[in-house]
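J.: Structure file my_file-v3.txt (compact mmCIF, C-alpha atoms and all ligand atoms) right here:
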```
# COMPACT_ATOMS: atom_id res chain seq x y z
CA THR L 1 210.89 154.96 -56.52
CA PHE L 2 209.83 153.53 -59.82
CA GLN L 3 210.25 150.19 -61.49
CA ASN L 4 213.36 149.81 -63.63
CA ILE L 5 212.45 148.24 -66.97
CA ARG L 6 215.04 146.24 -68.88
CA PRO L 7 215.41 147.49 -72.50
CA GLU L 8 215.29 143.93 -73.90
CA THR L 9 211.65 143.61 -72.71
CA ILE L 10 210.62 146.51 -74.94
CA ILE L 11 209.73 146.16 -78.64
CA TRP L 12 209.72 149.59 -80.31
CA GLY L 13 206.85 150.62 -82.59
CA GLU L 14 205.96 153.64 -84.69
CA SER L 15 206.74 157.24 -83.80
CA LEU L 16 203.65 159.05 -82.54
CA GLY L 17 205.07 162.58 -82.52
CA GLN L 18 206.59 164.48 -79.68
CA GLY L 19 205.95 166.25 -76.39
CA SER L 20 207.75 169.47 -75.36
CA PHE L 21 211.14 167.84 -74.70
CA THR L 22 210.36 164.27 -75.65
CA LYS L 23 209.75 161.93 -78.57
CA ILE L 24 206.77 159.63 -78.31
CA PHE L 25 206.68 156.07 -79.65
CA ARG L 26 204.26 153.19 -79.56
CA GLY L 27 205.73 150.00 -78.07
CA ILE L 28 205.09 146.55 -76.66
CA LYS L 29 206.39 145.36 -73.32
CA ARG L 30 206.93 141.62 -73.11
CA ASP L 31 207.04 139.96 -69.71
CA ILE L 32 207.70 136.37 -68.79
CA ASP L 33 205.84 135.24 -65.70
CA ASN L 34 206.49 131.58 -64.68
CA GLU L 35 206.77 130.36 -68.31
CA GLU L 36 203.76 132.50 -69.29
CA SER L 37 204.81 135.34 -71.62
CA TYR L 38 202.41 138.24 -72.16
CA GLU L 39 202.58 141.48 -74.09
CA THR L 40 201.32 144.91 -73.05
CA ASP L 41 200.71 147.91 -75.31
CA VAL L 42 202.89 150.73 -73.99
CA LEU L 43 203.73 154.34 -74.79
CA LEU L 44 207.43 155.16 -74.82
CA LYS L 45 208.37 158.74 -73.96
CA VAL L 46 212.04 159.45 -74.68
CA LEU L 47 213.73 162.59 -73.36
CA ASP L 48 215.37 164.45 -76.26
CA ILE L 49 219.16 164.28 -76.11
CA THR L 50 219.27 168.08 -76.48
CA TYR L 51 217.43 168.35 -73.16
CA ARG L 52 219.56 165.84 -71.28
CA ASN L 53 220.21 168.55 -68.69
CA PHE L 54 216.49 168.22 -67.80
CA ASN L 55 216.97 164.51 -67.18
CA GLU L 56 216.63 164.74 -63.40
CA SER L 57 213.37 166.70 -63.66
CA PHE L 58 212.06 164.22 -66.27
CA LEU L 59 212.74 161.34 -63.86
CA GLU L 60 211.28 163.33 -60.95
CA ALA L 61 207.99 163.73 -62.87
CA ALA L 62 208.00 159.98 -63.48
CA SER L 63 208.59 159.11 -59.85
CA VAL L 64 205.73 161.41 -58.78
CA MET L 65 203.52 159.48 -61.24
CA SER L 66 204.57 156.14 -59.81
CA LEU L 67 203.80 157.25 -56.23
CA ILE L 68 200.11 157.79 -56.90
CA SER L 69 197.48 155.86 -58.80
CA HIS L 70 194.09 157.13 -59.89
CA LYS L 71 191.70 156.04 -62.63
CA HIS L 72 192.21 159.37 -64.44
CA LEU L 73 196.00 159.41 -64.16
CA VAL L 74 198.12 157.71 -66.81
CA LEU L 75 199.70 154.57 -65.34
CA LEU L 76 203.50 154.51 -65.35
CA HIS L 77 204.95 151.01 -65.86
CA GLY L 78 208.44 152.24 -65.13
CA ILE L 79 211.60 153.74 -66.55
CA CYS L 80 214.28 152.45 -68.86
CA VAL L 81 217.51 154.22 -68.00
CA GLY L 82 220.50 153.86 -70.25
CA THR L 83 221.83 156.15 -72.97
CA ASP L 84 218.32 157.64 -73.10
CA SER L 85 215.83 158.07 -70.28
CA ILE L 86 212.62 156.38 -71.37
CA MET L 87 209.28 156.58 -69.56
CA VAL L 88 207.15 153.48 -70.18
CA GLN L 89 203.49 154.41 -69.77
CA GLU L 90 200.23 152.61 -70.36
CA TYR L 91 199.18 153.16 -73.96
CA VAL L 92 196.04 155.33 -73.97
CA LYS L 93 194.09 154.32 -77.07
CA LEU L 94 192.82 157.59 -78.54
CA GLY L 95 195.82 159.79 -77.78
CA PRO L 96 196.02 163.49 -76.89
CA LEU L 97 192.83 165.52 -76.53
CA ASP L 98 194.11 168.59 -78.45
CA ILE L 99 194.58 166.53 -81.62
CA TYR L 100 191.25 164.74 -81.10
CA LEU L 101 189.36 168.04 -80.67
CA LYS L 102 191.00 169.58 -83.75
CA LYS L 103 189.99 166.53 -85.80
CA GLN L 104 186.40 166.68 -84.54
CA LYS L 105 186.17 170.39 -85.28
CA ASP L 106 185.83 169.61 -88.99
CA GLY L 107 183.71 166.44 -88.78
CA SER L 108 181.21 165.19 -86.24
CA ARG L 109 180.10 167.59 -83.51
CA ILE L 110 181.11 167.13 -79.92
CA THR L 111 178.28 168.15 -77.58
CA ALA L 112 178.58 170.61 -74.70
CA ARG L 113 177.68 167.68 -72.40
CA TRP L 114 180.69 165.73 -73.73
CA LYS L 115 183.03 168.67 -73.09
CA LEU L 116 181.63 169.24 -69.61
CA GLU L 117 182.13 165.56 -68.76
CA VAL L 118 185.79 165.87 -69.74
CA ALA L 119 186.08 169.10 -67.71
CA LYS L 120 184.52 167.39 -64.66
CA GLN L 121 186.89 164.40 -64.86
CA LEU L 122 189.84 166.78 -65.11
CA ALA L 123 188.59 168.81 -62.12
CA TYR L 124 188.16 165.62 -60.05
CA THR L 125 191.68 164.52 -60.93
CA LEU L 126 193.21 167.89 -60.05
CA SER L 127 191.21 167.93 -56.81
CA PHE L 128 192.66 164.50 -56.01
CA LEU L 129 196.21 165.78 -56.69
CA ARG L 130 195.48 168.88 -54.56
CA ASP L 131 194.46 166.67 -51.63
CA LYS L 132 197.83 164.91 -52.02
CA ASN L 133 199.64 168.26 -52.13
CA ILE L 134 200.87 167.47 -55.63
CA ILE L 135 201.13 170.31 -58.14
CA HIS L 136 200.86 169.07 -61.73
CA GLY L 137 202.25 172.21 -63.35
CA ASN L 138 201.47 171.37 -66.96
CA VAL L 139 197.71 171.06 -67.44
CA SER L 140 196.65 171.45 -71.07
CA THR L 141 194.73 169.41 -73.66
CA LYS L 142 198.15 168.19 -74.93
CA ASN L 143 198.54 166.29 -71.65
CA ILE L 144 195.00 164.96 -71.47
CA LEU L 145 194.63 161.59 -73.18
CA LEU L 146 191.39 160.10 -74.38
CA SER L 147 190.93 156.54 -73.22
CA ARG L 148 187.31 156.19 -74.34
CA GLU L 149 185.49 158.35 -76.88
CA GLY L 150 182.05 157.86 -75.36
CA ASP L 151 178.98 157.89 -77.55
CA SER L 152 176.37 160.66 -77.29
CA SER L 153 173.73 158.44 -78.98
CA THR L 154 173.98 155.85 -76.19
CA GLY L 155 174.90 158.51 -73.61
CA SER L 156 178.12 156.70 -72.69
CA PRO L 157 180.58 159.31 -71.42
CA PRO L 158 184.17 159.87 -72.61
CA PHE L 159 187.02 158.81 -70.30
CA ILE L 160 190.26 160.82 -69.94
CA LYS L 161 193.68 160.19 -68.42
CA LEU L 162 195.90 163.05 -67.32
CA SER L 163 199.49 162.49 -68.42
CA ASP L 164 202.62 163.23 -66.39
CA SER L 165 203.66 166.86 -66.11
CA GLY L 166 206.97 166.20 -67.83
CA VAL L 167 209.91 168.49 -67.13
CA SER L 168 208.96 170.84 -64.32
CA ILE L 169 208.49 174.51 -65.13
CA THR L 170 210.68 175.31 -62.12
CA VAL L 171 213.78 174.32 -64.14
CA MET L 172 212.73 176.01 -67.38
CA THR L 173 214.23 179.07 -69.03
CA LYS L 174 212.19 182.25 -69.37
CA GLU L 175 211.67 181.69 -73.11
CA LEU L 176 210.40 178.13 -72.58
CA LEU L 177 207.99 179.49 -69.95
CA THR L 178 206.87 182.32 -72.26
CA ASP L 179 206.18 179.74 -74.92
CA ARG L 180 203.65 178.14 -72.54
CA ILE L 181 201.52 181.27 -72.22
CA PRO L 182 198.49 181.16 -71.65
CA TRP L 183 198.62 177.73 -69.95
CA VAL L 184 201.42 178.61 -67.52
CA ALA L 185 200.19 180.87 -64.70
CA PRO L 186 201.44 184.49 -64.67
CA GLU L 187 203.19 184.08 -61.28
CA CYS L 188 205.23 181.21 -62.77
CA VAL L 189 206.41 183.27 -65.73
CA ARG L 190 207.53 186.05 -63.38
CA ASP L 191 209.27 183.64 -61.02
CA PRO L 192 209.10 179.88 -61.84
CA ARG L 193 209.93 178.96 -58.25
CA SER L 194 206.65 180.59 -57.22
CA LEU L 195 204.74 177.58 -58.59
CA VAL L 196 201.85 177.19 -56.15
CA GLN L 197 198.89 174.81 -56.00
CA GLU L 198 196.75 177.62 -57.41
CA SER L 199 198.88 177.64 -60.56
CA ASP L 200 197.08 174.44 -61.64
CA CYS L 201 193.79 176.32 -61.34
CA TRP L 202 194.97 178.94 -63.86
CA SER L 203 196.03 176.18 -66.29
CA PHE L 204 192.69 174.42 -65.74
CA GLY L 205 190.91 177.63 -66.83
CA ALA L 206 193.01 177.88 -69.99
CA THR L 207 192.42 174.17 -70.69
CA LEU L 208 188.66 174.59 -70.23
CA TRP L 209 188.74 177.48 -72.73
CA GLU L 210 190.70 175.29 -75.12
CA ILE L 211 188.23 172.39 -74.81
CA PHE L 212 185.31 174.70 -75.65
CA ASN L 213 187.22 176.31 -78.49
CA GLY L 214 187.93 173.17 -80.54
CA GLY L 215 191.32 172.34 -78.99
CA SER L 216 193.24 175.53 -79.65
CA ILE L 217 193.94 178.94 -78.13
CA PRO L 218 194.67 181.63 -80.75
CA LEU L 219 196.96 183.51 -78.33
CA SER L 220 199.27 180.47 -78.22
CA VAL L 221 200.53 181.06 -81.79
CA LEU L 222 201.49 184.71 -81.22
CA GLU L 223 205.07 186.00 -80.89
CA PRO L 224 206.66 185.70 -77.42
CA THR L 225 206.60 189.49 -76.99
CA ALA L 226 202.81 189.54 -77.60
CA LYS L 227 202.38 186.71 -75.09
CA VAL L 228 204.40 188.54 -72.43
CA LYS L 229 202.42 191.74 -73.10
CA PHE L 230 199.15 189.77 -72.62
CA TYR L 231 200.23 189.03 -69.05
CA GLN L 232 201.74 192.45 -68.42
CA ASP L 233 198.43 194.08 -69.41
CA GLN L 234 196.59 191.44 -67.28
CA LEU L 235 194.33 190.54 -70.21
CA GLN L 236 191.81 187.70 -70.23
CA LEU L 237 191.00 185.22 -73.01
CA PRO L 238 188.01 186.19 -75.21
CA ILE L 239 184.67 185.57 -73.50
CA LEU L 240 182.99 182.33 -74.66
CA LYS L 241 179.30 182.43 -75.63
CA TRP L 242 178.28 180.28 -72.68
CA THR L 243 178.30 183.00 -70.00
CA GLU L 244 178.31 180.78 -66.88
CA LEU L 245 181.25 178.79 -68.28
CA ALA L 246 183.06 181.99 -69.32
CA ASN L 247 182.66 183.33 -65.77
CA LEU L 248 184.09 180.12 -64.27
CA ILE L 249 187.07 180.28 -66.65
CA ASN L 250 187.78 183.90 -65.72
CA CYS L 251 187.54 183.05 -62.00
CA CYS L 252 190.18 180.33 -62.54
CA MET L 253 192.33 182.71 -64.58
CA ASN L 254 192.55 185.36 -61.89
CA TYR L 255 195.94 187.13 -61.87
CA ARG L 256 195.91 186.86 -58.05
CA PRO L 257 196.55 183.14 -57.26
CA PHE L 258 194.75 183.20 -53.92
CA LEU L 259 191.55 184.54 -55.43
CA ARG L 260 191.21 181.48 -57.67
CA PRO L 261 188.56 178.90 -56.68
CA SER L 262 189.41 175.55 -55.11
CA PHE L 263 188.84 172.45 -57.25
CA ARG L 264 186.02 171.50 -54.89
CA ALA L 265 184.28 174.78 -55.75
CA ILE L 266 185.02 174.24 -59.46
CA ILE L 267 183.46 170.75 -59.35
CA ARG L 268 180.35 172.23 -57.71
CA ASP L 269 180.08 174.89 -60.43
CA LEU L 270 180.58 172.34 -63.22
CA ASN L 271 177.86 170.12 -61.73
CA ASN L 272 175.47 173.04 -61.67
CA LEU L 273 176.33 173.83 -65.30
CA ILE L 274 175.60 170.24 -66.31
CA THR L 275 172.20 170.15 -64.65
CA SER L 276 171.12 173.39 -66.29
CA ASP L 277 169.29 172.72 -69.57
CA TYR L 278 171.12 175.70 -71.06
CA GLU L 279 173.65 173.50 -72.86
CA LEU L 280 170.88 171.28 -74.24
CA LEU L 281 169.17 174.42 -75.55
CA VAL L 282 172.40 175.60 -77.16
CA ASP L 283 173.13 172.17 -78.62
CA LEU L 284 169.65 172.07 -80.10
CA SER L 285 170.22 175.48 -81.63
CA THR L 286 173.56 173.99 -82.81
CA GLY L 287 175.37 176.79 -81.03
CA ASP L 288 179.10 176.67 -81.64
CA LEU L 289 179.86 175.38 -78.14
N1 LIG S 301 197.59 158.75 -83.39
C1 LIG S 301 197.77 158.51 -82.25
C2 LIG S 301 197.99 158.21 -80.86
C3 LIG S 301 198.97 158.92 -80.14
C4 LIG S 301 199.19 158.61 -78.81
C5 LIG S 301 198.43 157.61 -78.19
N2 LIG S 301 198.59 157.25 -76.85
C6 LIG S 301 199.25 157.89 -75.84
N3 LIG S 301 199.34 157.25 -74.64
C7 LIG S 301 200.02 157.87 -73.64
N4 LIG S 301 200.14 157.24 -72.43
C8 LIG S 301 200.60 159.13 -73.81
C9 LIG S 301 200.46 159.72 -75.07
N5 LIG S 301 200.99 161.00 -75.34
C10 LIG S 301 201.03 161.61 -76.56
C11 LIG S 301 201.62 162.84 -76.36
C12 LIG S 301 201.92 162.91 -75.01
C13 LIG S 301 202.57 164.10 -74.33
O1 LIG S 301 202.41 164.06 -72.96
N6 LIG S 301 201.53 161.79 -74.38
N7 LIG S 301 199.80 159.11 -76.07
C14 LIG S 301 197.46 156.93 -78.92
C15 LIG S 301 197.24 157.22 -80.25
```
Just dump the structure as structure tokens.
T.:
Amino acid sequence: TFQNIRPETIIWGESLGQGSFTKIFRGIKRDIDNEESYETDVLLKVLDITYRNFNESFLEAASVMSLISHKHLVLLHGICVGTDSIMVQEYVKLGPLDIYLKKQKDGSRITARWKLEVAKQLAYTLSFLRDKNIIHGNVSTKNILLSREGDSSTGSPPFIKLSDSGVSITVMTKELLTDRIPWVAPECVRDPRSLVQESDCWSFGATLWEIFNGGSIPLSVLEPTAKVKFYQDQLQLPILKWTELANLINCCMNYRPFLRPSFRAIIRDLNNLITSDYELLVDLSTGDL
């Protein structure tokens, strides 16, 4: 249920790094349409040969992407199948949010309003997927792409695109799942087949924490045993300075899936946060939000 793309229409560009089980390249897709030839900037996501046993799940994630379209979901042009499985996606100009946030951390400041706008767009997108009974399963700033930077001086907002979920956690080994703590929900580490809609809410909470902490979560660099212990002891991430936001994050990161808020409720809370002048106050006092 996705378009098959012929390899000869793809011109390969530079390597842009890698995802969990993939290598990422820039590319150009050339199409001929009644004598008119036109080129499209694309992103080529190649499944690593060492993970070829995940090939079916990789293609499954792609076909889910091609079934739905939304302004905040990365567009899938199609798949090139051959020796490698290659996902051909729209090229999102500014790349992954985690790298962008880490770069900004040193230089120019990103305002609380900017971060909340990103959070709201993500919540809307996850609410849309929820209404379609689609579980993403891999929400993190690594899979959020920045299409437009926005400009706080002119008040133009940023614009994000949520990438595909990649290989599903339901086929992953325990150590691969442990490596995804604290983004992967506790119930999924215990039993990956217990991936429920509410698991995306947990990941949303961890992603929100990451966005407000400059694109990283200290826990994520700890040893696997420390990560497992964090869940066994039912610990929470450190409380952020912005209390209302910290409360929302902890509600999302409830160890009991069914006590987590719906994305409709999350959107409502985020809208209330935005209208409060608290963040303006903090920005003015150059708080480290
Ligand atoms: N420097 C730089 C730079 C890097 C990437 C892009 N663009 C892009 N477009 C997509 N559709 C998907 C991705 N991804 C990157 C990692 C993943 C993992 O999911 N996706 N990157 C633009 C600039």
J.: List as a list of chain:residue names the protein and nucleic acid residues lying within 7 Å of ligand LIG 301 (chain S), with only C-alpha atoms and all ligand atoms counted.
T.: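 Final answer, ordered by chain and number: L:Leu16, L:Gln18, L:Gly19, L:Ile24, L:Leu43, L:Val74, L:Gln89, L:Glu90, L:Tyr91, L:Val92, L:Lys93, L:Leu94, L:Gly95, L:Pro96, L:Lys142, L:Asn143, L:Leu145, L:Ser163, L:Asp164.
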J.: Place a sphere of radius 8 Å on (201.8, 146.5, -82.7) in the file coordinates and name every protein, DNA or RNA residue with an atom inside or on its surface, counting only C-alpha atoms; give the answer as a list of chain:residue names.
T.: L:Gly13, L:Arg26, L:Gly27, L:Ile28, L:Asp41
J.: Could you turn the residues from that selection into a file that holds C-alpha atoms, as a short mmCIF file (atom, residue, chain, number, x, y, z; two decimals), in the frame of the given file?
T.:
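Result written to again.cif:
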```cif
data_model
loop_
_atom_site.label_atom_id
_atom_site.label_comp_id
_atom_site.auth_asym_id
_atom_site.auth_seq_id
_atom_site.Cartn_x
_atom_site.Cartn_y
_atom_site.Cartn_z
CA GLY L 13 206.85 150.62 -82.59
CA ARG L 26 204.26 153.19 -79.56
CA GLY L 27 205.73 150.00 -78.07
CA ILE L 28 205.09 146.55 -76.66
CA ASP L 41 200.71 147.91 -75.31
#
```
J.: Just want the 9 Å neighbourhood of range 228-231 of chain L, counted on all atoms listed in the file, with same-chain residues fewer than 2 positions away dropped. Output as a ChimeraX atom specification.
T.: /L:178,181-182,186,189,219,223-226,233-236,255
J.: Enumerate, as an mmCIF file with C-alpha atoms, in the coordinates of the input, the protein, DNA and RNA residues whose atoms approach (201.5, 163.5, -58.6) to within 7 Å, taking into account only C-alpha atoms and the coordinate frame of the file.
T.:
```
data_model
loop_
_atom_site.group_PDB
_atom_site.id
_atom_site.type_symbol
_atom_site.label_atom_id
_atom_site.label_comp_id
_atom_site.auth_asym_id
_atom_site.auth_seq_id
_atom_site.Cartn_x
_atom_site.Cartn_y
_atom_site.Cartn_z
ATOM 1 C CA VAL L 64 205.730 161.410 -58.780
ATOM 2 C CA MET L 65 203.520 159.480 -61.240
ATOM 3 C CA ILE L 68 200.110 157.790 -56.900
ATOM 4 C CA LEU L 129 196.210 165.780 -56.690
ATOM 5 C CA ILE L 134 200.870 167.470 -55.630
ATOM 6 C CA ILE L 135 201.130 170.310 -58.140
ATOM 7 C CA HIS L 136 200.860 169.070 -61.730
#
```
J.: Taking into account all atoms listed in the file, which residue in the set L:Gly155, L:Gly215, L:Pro261, L:Pro238 is nearest to Asp98 in chain L?
T.: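 Checking each candidate against Asp98 in chain L, we get L:Gly215 as the closest.
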J.: Calculate how many Å separate CA of Val196 in chain L from CA of Leu273 in chain L, rounding to one decimal.
T.: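 Rounded to one decimal, the two atoms are 27.3 Å apart.
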J.: Just checking: using all atoms listed in the file, which residue out of L:Thr111, L:Thr207, L:Ser15, L:Thr243 ends up closest to Gly150 in chain L?
T.: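 Among L:Thr111, L:Thr207, L:Ser15, L:Thr243, it is L:Thr111 that comes nearest to Gly150 in chain L.
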J.: Go ahead and compute the interatomic distance for CA of Met172 in chain L and CA of Asn53 in chain L, in Å to one decimal.
T.: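 One can read the CA of Met172 in chain L to CA of Asn53 in chain L distance as 10.6 Å.
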J.: Give me, as number ranges by chain, all polymer residues having an atom no more than 12 Å from Tyr100 in chain L, counting only C-alpha atoms and skipping those fewer than 5 positions away in the same chain.
T.: L: 93-95, 105-110, 141-142, 144-149, 160, 211, 214-216
